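S.K.: Pasting a structure below so you can have a look.
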Amino acid sequence: MWRWASLVLLLLFAPLAQAAPLGLGRAPTAAELEAWDIDVRPDGKGLPKGRGTAREGEALYQERCASCHGEFGEGINRWPELAGGEGSLTGDRPLRTIGSYWPYVSTVFDFLRHAMPFGNAQSLVPDEIYAVTAYLLGLNDVLKDEDFELNERTLPSIRLPNEAGFFDDDREVAEAAFWNRPVCMVACTAEVRITGRAAVLDVTPDTKSAPRIE
Amino acid sequence: MSPRLSRRLMLGAGGAAAVRPVAAEDDVIPEWSRTLGEGVDQHPYGKPSIHEKAVIRRDVGWLTASPQSSVNFTPLHALDGIITPNGLCFERHHGGMADIDPARHRLMIHGMVERPVVLTMAELKRLPRVNRIYFLECAANSGMEWRGAQLNGVQFTHGMIHNVMYTGVTLRTLLDAAGVKPGAAWMLAEGADAAGMDRSIPLGKALDDCMVAFAQNGEALRPEQGYPLRLVVPGWQGNMWVKWLRRLKIGDAPWHTREETSKYTDLLADGRARRFTWVMDAKSVITAPSPQAPVVGHGPLVISGIAWSGRGTISRVDVSLDGGRNWREARLDGPVLPLSMTRFYVDTEWHGQEMLLQSRAHDSTGYVQPTKAELRKIRGLNSIYHNNGIQTWLIRPNGESENVEVG
């Protein structure tokens with residue numbers, strides 16, 4: 001019913017107004033778009049005009065980022081590591097950093113622009129984001145030249161080492177055995193042994209407030 | 001009531017009606033039977049009984065660096081049915097809980113659309129609305145258990161899930177009105193919080209069953225859940241259900257944001273990683289008895305649990321009392337809805353015997369919940385996300401329970 005109504009409205013007023021089908025709302029203003037339309041894609045779409053180098057980003061990083069992420073991107077306490085971890089992805093303690101794991105440089109820019117510094121989000125201007133991004137690429141040995149100018153044209157051309165390390169969800173193929181399989185109901189295993197216990201680690205919080213058996 | 005059960009209940013009550021109660025008078029006619037209770041309006045917004053004060057969300061302090069970018073857990077061990085009370089729905093924030101004035105909030109829809117539009121909350125509420133019950137599970141739910149049994153409580157092993165009824169407007173309604181341009185294939189959803197959470201969602205999913213919700217369980221969204229507006233992405237990982245939703249942008253390629261590259265990708269043993277693993281596989285867990293909900297006495301025992309699938313409807317749940325050696329089919333009770341939690345029960349008896357409780361979900365696509373060993377064989381130990389393996393609780397002769405693994 002409503003869709004019919006909107007179709008009728010569309011036919012009647014199509015040349016007139018942008019918001020005709022809803023009959024509600026208004027077009028975004030230029031100021032709203034400038035402030036909100038801040039997403040960036042790997043192909044560079046969405047990158048603002050601007051420039052920065054690793055040399056320019058160093059002071060900014062050390063002042064605004066290093067207290068959590070560490071002087072060398074090593075991460076303080078449980079704050080995220082941003083550098084290091086090359087060759088660790090197949091090991092016992094994989095370290096997922098920009099250099100070892102992230103597929104695209106644009107992600108760094110998009111995230112800085114949306115969420116960093118933690119507690120003072122959306123405070124960096126484009127030149128500062130380019131400079132910090134360049135510095136992070138330097139910490140990860142992706143950019144070797146401290147004076148390389150990162151800008152809206154050069155950023156999409158920089159490739160991260162693990163770009164090819166990702167593939168689309170293949171569970172329905174790789175895990176096809178989980179579908180439509182015979183299900184055993186009786187005497188399915190010969191013997192059941194306990195192989196691991198949470199109590200060994202004893203890391204569960206709030207055990208004092210949990211119910212107790214007296 | 002079966003004759004056996006009624007006889008047991010009588011015995012449990014003292015054996016025979018001829019025996020006079022020997023308890024103190026307060027237990028025979030307690031004070032709440034003799035004195036007036038509080039009048040209306042003492043609690044204009046009601047809260048649970050003070051005797052339920054332990055039923056709260058809890059966090060795991062060592063898990064995250066700060067409470068603003070952290071998670072807490074739904075107390076599943078103390079809940080029943082399929083609806084999660086609003087105040088107990090687990091929280092996951094990346095930049096703290098935004099406190100938004102709805103009069104100043106607005107939703108922008110733009111990008112590859114014919115008619116970009118900005119809508120106020122009041123305007124959104126003038127559009128045709130729908131009500132849907134869906135589970136929301138964080139892809140990292142049970143993520144601490146990949147290497148072995150670690151946390152002793154279903155709240156912590158499985159509590160990054162909730163199930164509520166949403167009221168809102170379908171994205172089909174909004175995007176049809178905005179007029180999606182030819183060539184569009186993706187949608188970016190973005191939050192208005194200090195994390196500016198942004199995620200790419202295929203346009204097909206957006207138009208299929210996604211919605212923007214302004215209410216949960218009949219009242220306005222809770223601030224923790226994205227007040228005044230959140231995205232609902234049924235059956236898919238919770239991280240995509242952008243809270244404090246301010247913007248939907250239509251495009252022709254994914255954005256590869258931080259949350260869909262450095263996070264929420266599943267690292268396999270060979271060092272490669274699956275990406276865009278949006279669907280939550282079928283999963284189930286026994287919520288009671290469990291480490292936080294011990295068995296309290298011999299005789300009748302209700303084993304209660306939940307099952308859910310991001311691919312469809314729960315068709316069946318099997319329960320084992322002996323660590324997977326023998327299974328029986330559980331009884332599903334209450335609404336059995338697609339992409340919603342489903343409640344199951346096994347009504348049994350317990351006389352102090354050790355038990356190894358497990359549950360195994362089946363869904364309408366024929367998927368059968370795997371064991372943890374089966375999952376690890378394919379995915380290794382480093383994947384963090386999508387651990388839907390079968391959970392085991394050891395029940396000891398004294399009724400206490402522990403999170404264990406069996407082999």
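To be explicit about the labels: the chains of the structure tokens are called A, B, and onward in the order shown, and within each one the residues are counted from 1, while ligands get numbers from 1 in the order they are shown.
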Got a sec to tell me which of stretch 5-211 of chain B DSSP assigns to helix (DSSP H, G or I), as a short mmCIF file (atom, residue, chain, number, x, y, z; two decimals) with C-alpha atoms, in the first residue's frame?
M.R.:
```cif
data_model
loop_
_atom_site.label_atom_id
_atom_site.label_comp_id
_atom_site.auth_asym_id
_atom_site.auth_seq_id
_atom_site.Cartn_x
_atom_site.Cartn_y
_atom_site.Cartn_z
CA LEU B 5 6.29 -37.40 39.91
CA SER B 6 3.33 -36.56 42.18
CA ARG B 7 4.47 -39.17 44.70
CA ARG B 8 7.97 -37.73 44.69
CA LEU B 9 6.69 -34.19 45.18
CA MET B 10 4.63 -35.35 48.17
CA LEU B 11 7.59 -37.09 49.70
CA GLY B 12 9.67 -34.00 49.14
CA GLU B 25 6.18 -18.92 62.53
CA ASP B 26 7.98 -16.59 60.11
CA ASP B 27 8.29 -19.44 57.67
CA VAL B 28 4.66 -20.49 58.00
CA GLU B 31 6.00 -11.07 57.11
CA TRP B 32 4.91 -10.35 53.54
CA SER B 33 1.68 -12.21 54.32
CA ILE B 50 16.51 -7.55 45.14
CA HIS B 51 16.90 -11.30 45.47
CA GLU B 52 17.96 -11.36 41.82
CA GLY B 61 38.79 -7.45 33.42
CA TRP B 62 41.92 -8.85 31.85
CA LEU B 63 40.37 -9.12 28.41
CA LEU B 76 22.59 -16.68 30.34
CA HIS B 77 22.75 -19.08 33.28
CA ALA B 78 19.94 -17.20 35.03
CA ASN B 86 16.88 -5.15 27.85
CA GLY B 87 19.07 -4.34 30.85
CA LEU B 88 20.91 -7.66 30.60
CA MET B 121 14.11 10.29 14.40
CA ALA B 122 10.61 11.79 14.33
CA GLU B 123 10.53 11.31 10.56
CA LEU B 124 11.74 7.71 10.76
CA GLY B 143 36.56 -16.85 21.27
CA MET B 144 38.52 -17.32 24.50
CA GLU B 145 37.91 -21.05 24.30
CA VAL B 154 28.21 -19.90 30.43
CA GLN B 155 27.96 -16.13 30.97
CA PHE B 156 31.61 -15.84 29.97
CA THR B 157 31.90 -18.65 27.43
CA HIS B 158 28.67 -17.84 25.56
CA LEU B 171 16.13 -0.96 4.70
CA ARG B 172 14.04 -2.06 1.71
CA THR B 173 11.62 0.75 2.55
CA LEU B 174 14.37 3.34 2.96
CA LEU B 175 16.55 2.32 0.03
CA ASP B 176 13.65 1.89 -2.40
CA ALA B 177 12.63 5.41 -1.55
CA ALA B 178 16.16 6.74 -1.94
CA LEU B 203 23.41 -4.57 -0.79
CA GLY B 204 21.58 -7.87 -1.29
CA LYS B 205 21.56 -8.51 2.45
CA ALA B 206 20.54 -4.92 3.17
CA LEU B 207 17.52 -5.22 0.89
CA ASP B 208 16.67 -8.75 2.00
CA ASP B 209 16.04 -8.46 5.73
#
```
S.K.: Enumerate as a PyMOL selection string the residues belonging to chain A that approach chain B to within 7 Å, with only C-alpha atoms taken into account.
M.R.: chain A and resi 18-19+21-22+24-28+40-42+77-79+89-90+96+101-103+107+110-111+114-115+121+165-169+178-180+185-189+192-198+201+203-205+210-211+213
S.K.: Do you know which residues are at most 8 Å from stretch 140-144 of chain A counting only C-alpha atoms, after dropping those on the same chain fewer than 4 positions away, and could you put them as a PDB file with C-alpha atoms, in the first residue's frame?
M.R.:
```pdb
ATOM      1  CA  ALA A  83      54.036  -2.857  14.079  1.00  0.00           C
ATOM      2  CA  GLY A  84      56.085  -6.042  14.161  1.00  0.00           C
ATOM      3  CA  ILE A  98      49.547  -3.190   9.956  1.00  0.00           C
ATOM      4  CA  GLY A  99      52.728  -4.701   8.530  1.00  0.00           C
ATOM      5  CA  ALA A 134      53.195   7.567   6.714  1.00  0.00           C
ATOM      6  CA  LEU A 136      53.081   3.976  10.808  1.00  0.00           C
ATOM      7  CA  PHE A 148      58.063  10.170   0.912  1.00  0.00           C
ATOM      8  CA  LEU A 160      50.884  -3.952   2.334  1.00  0.00           C
TER       9      LEU A 160
END
```
S.K.: Ranking A:Val183, A:Ala131, A:Val108, A:Leu139 by minimum distance to A:Pro156 and counting only C-alpha atoms, which one comes first?
M.R.: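 Under the stated criterion, the closest residue is A:Val108.
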S.K.: Could you check how far atom CA of B:Arg360 sits from atom CA of B:Gly389, in Å to one decimal?
M.R.: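 So the two atoms, atom CA of B:Arg360 and atom CA of B:Gly389, lie 8.8 Å apart.
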S.K.: Check stretch 8-215 of chain B with DSSP on the backbone and list each residue it calls strand (DSSP E or B), as an MDAnalysis selection string.
M.R.: chainID B and resid 58:59 66 69:73 92:93 106:111 113 117:120 130:137 161:170 180 186:191 198:202 211:215
S.K.: So which residues touch stretch 306-312 of chain B within 8 Å, counting only C-alpha atoms, skipping near sequence neighbours fewer than 2 positions away, as a list in words?
M.R.: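 Listed by chain and then number, they are Ile82, Phe135, Pro234, Gly235, Trp236, Val279, Met280, Asp281, Ala282, Lys283, Ser284, Val285, Ile286, Thr287, Ser304, Ile314, Val317, Pro338, Leu339, Ser340, Met341, Thr342, Arg343, Phe344, Ala361, Asp363, Ser364 and Thr365 of chain B.
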S.K.: Deliver the residues from the most recent selection as a file, using N, CA and C atoms, as an mmCIF file, in the first residue's frame.
M.R.:
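Final output, saved to part.cif:
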```
data_model
loop_
_atom_site.group_PDB
_atom_site.id
_atom_site.type_symbol
_atom_site.label_atom_id
_atom_site.label_comp_id
_atom_site.auth_asym_id
_atom_site.auth_seq_id
_atom_site.Cartn_x
_atom_site.Cartn_y
_atom_site.Cartn_z
ATOM 1 N N ILE B 82 13.119 -17.163 25.520
ATOM 2 C CA ILE B 82 14.001 -16.752 24.420
ATOM 3 C C ILE B 82 14.298 -15.262 24.406
ATOM 4 N N PHE B 135 18.340 -13.007 17.166
ATOM 5 C CA PHE B 135 19.497 -13.054 18.044
ATOM 6 C C PHE B 135 20.584 -12.151 17.479
ATOM 7 N N PRO B 234 20.113 -9.436 10.497
ATOM 8 C CA PRO B 234 19.708 -10.718 11.075
ATOM 9 C C PRO B 234 20.641 -11.882 10.716
ATOM 10 N N GLY B 235 21.019 -12.652 11.741
ATOM 11 C CA GLY B 235 21.822 -13.853 11.526
ATOM 12 C C GLY B 235 23.298 -13.601 11.333
ATOM 13 N N TRP B 236 23.689 -12.338 11.173
ATOM 14 C CA TRP B 236 25.087 -12.013 10.893
ATOM 15 C C TRP B 236 25.777 -11.456 12.126
ATOM 16 N N VAL B 279 28.007 -14.737 8.396
ATOM 17 C CA VAL B 279 26.926 -15.568 8.960
ATOM 18 C C VAL B 279 27.390 -16.258 10.238
ATOM 19 N N MET B 280 26.526 -16.279 11.231
ATOM 20 C CA MET B 280 26.813 -17.011 12.457
ATOM 21 C C MET B 280 26.287 -18.440 12.318
ATOM 22 N N ASP B 281 27.202 -19.412 12.431
ATOM 23 C CA ASP B 281 26.833 -20.813 12.270
ATOM 24 C C ASP B 281 25.927 -21.271 13.418
ATOM 25 N N ALA B 282 25.217 -22.378 13.173
ATOM 26 C CA ALA B 282 24.326 -22.934 14.200
ATOM 27 C C ALA B 282 25.124 -23.316 15.437
ATOM 28 N N LYS B 283 24.551 -23.040 16.602
ATOM 29 C CA LYS B 283 25.261 -23.218 17.861
ATOM 30 C C LYS B 283 24.226 -23.427 18.960
ATOM 31 N N SER B 284 24.640 -24.080 20.006
ATOM 32 C CA SER B 284 23.755 -24.267 21.150
ATOM 33 C C SER B 284 24.602 -24.385 22.397
ATOM 34 N N VAL B 285 23.976 -24.191 23.550
ATOM 35 C CA VAL B 285 24.672 -24.396 24.818
ATOM 36 C C VAL B 285 23.636 -24.636 25.910
ATOM 37 N N ILE B 286 23.996 -25.493 26.847
ATOM 38 C CA ILE B 286 23.148 -25.701 28.017
ATOM 39 C C ILE B 286 23.436 -24.558 28.985
ATOM 40 N N THR B 287 22.387 -23.821 29.348
ATOM 41 C CA THR B 287 22.582 -22.650 30.202
ATOM 42 C C THR B 287 22.466 -23.019 31.686
ATOM 43 N N SER B 304 18.231 -26.958 30.782
ATOM 44 C CA SER B 304 17.687 -25.880 29.952
ATOM 45 C C SER B 304 18.799 -25.303 29.089
ATOM 46 N N ILE B 314 16.153 -23.275 13.935
ATOM 47 C CA ILE B 314 16.607 -24.478 14.646
ATOM 48 C C ILE B 314 15.573 -25.581 14.418
ATOM 49 N N VAL B 317 17.504 -30.174 18.533
ATOM 50 C CA VAL B 317 18.668 -30.111 19.414
ATOM 51 C C VAL B 317 18.810 -31.465 20.091
ATOM 52 N N PRO B 338 12.941 -18.254 12.822
ATOM 53 C CA PRO B 338 14.214 -18.146 12.101
ATOM 54 C C PRO B 338 15.087 -17.033 12.685
ATOM 55 N N LEU B 339 16.391 -17.280 12.758
ATOM 56 C CA LEU B 339 17.375 -16.274 13.172
ATOM 57 C C LEU B 339 17.093 -15.742 14.576
ATOM 58 N N SER B 340 16.463 -16.590 15.378
ATOM 59 C CA SER B 340 16.155 -16.236 16.766
ATOM 60 C C SER B 340 16.679 -17.334 17.677
ATOM 61 N N MET B 341 16.930 -16.989 18.931
ATOM 62 C CA MET B 341 17.201 -18.017 19.928
ATOM 63 C C MET B 341 16.000 -18.938 20.024
ATOM 64 N N THR B 342 16.286 -20.218 20.253
ATOM 65 C CA THR B 342 15.236 -21.202 20.506
ATOM 66 C C THR B 342 15.560 -21.869 21.834
ATOM 67 N N ARG B 343 14.552 -22.053 22.687
ATOM 68 C CA ARG B 343 14.783 -22.666 23.997
ATOM 69 C C ARG B 343 14.566 -24.175 23.904
ATOM 70 N N PHE B 344 15.450 -24.949 24.508
ATOM 71 C CA PHE B 344 15.235 -26.407 24.567
ATOM 72 C C PHE B 344 15.369 -26.879 26.006
ATOM 73 N N ALA B 361 23.143 -28.591 18.074
ATOM 74 C CA ALA B 361 22.049 -27.961 17.323
ATOM 75 C C ALA B 361 22.039 -28.412 15.864
ATOM 76 N N ASP B 363 20.099 -27.127 12.133
ATOM 77 C CA ASP B 363 19.252 -26.046 11.607
ATOM 78 C C ASP B 363 18.560 -26.451 10.315
ATOM 79 N N SER B 364 17.714 -25.543 9.821
ATOM 80 C CA SER B 364 16.864 -25.859 8.671
ATOM 81 C C SER B 364 17.644 -26.018 7.376
ATOM 82 N N THR B 365 18.940 -25.691 7.369
ATOM 83 C CA THR B 365 19.742 -25.933 6.165
ATOM 84 C C THR B 365 20.434 -27.291 6.234
#
```
S.K.: Report the distance between atom CA of B:Leu245 and atom CA of B:Thr170 in Å, rounded to one decimal place.
M.R.: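 For atom CA of B:Leu245 relative to atom CA of B:Thr170, the distance reads 14.0 Å.
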S.K.: For B:Gly226, find every residue with an atom within 12 Å (counting only C-alpha atoms), except residues of its own chain fewer than 5 positions away, and show them as a ChimeraX atom specification.
M.R.: /B:89,91-93,96-102,105,190-193,197,212-216,220-221,231-232,241-246
S.K.: Provide the atom CA of B:Glu349 to atom CA of B:Ser142 distance in Å, to one decimal place.
M.R.: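 Atom-to-atom, atom CA of B:Glu349 and atom CA of B:Ser142 are spaced 29.1 Å apart.
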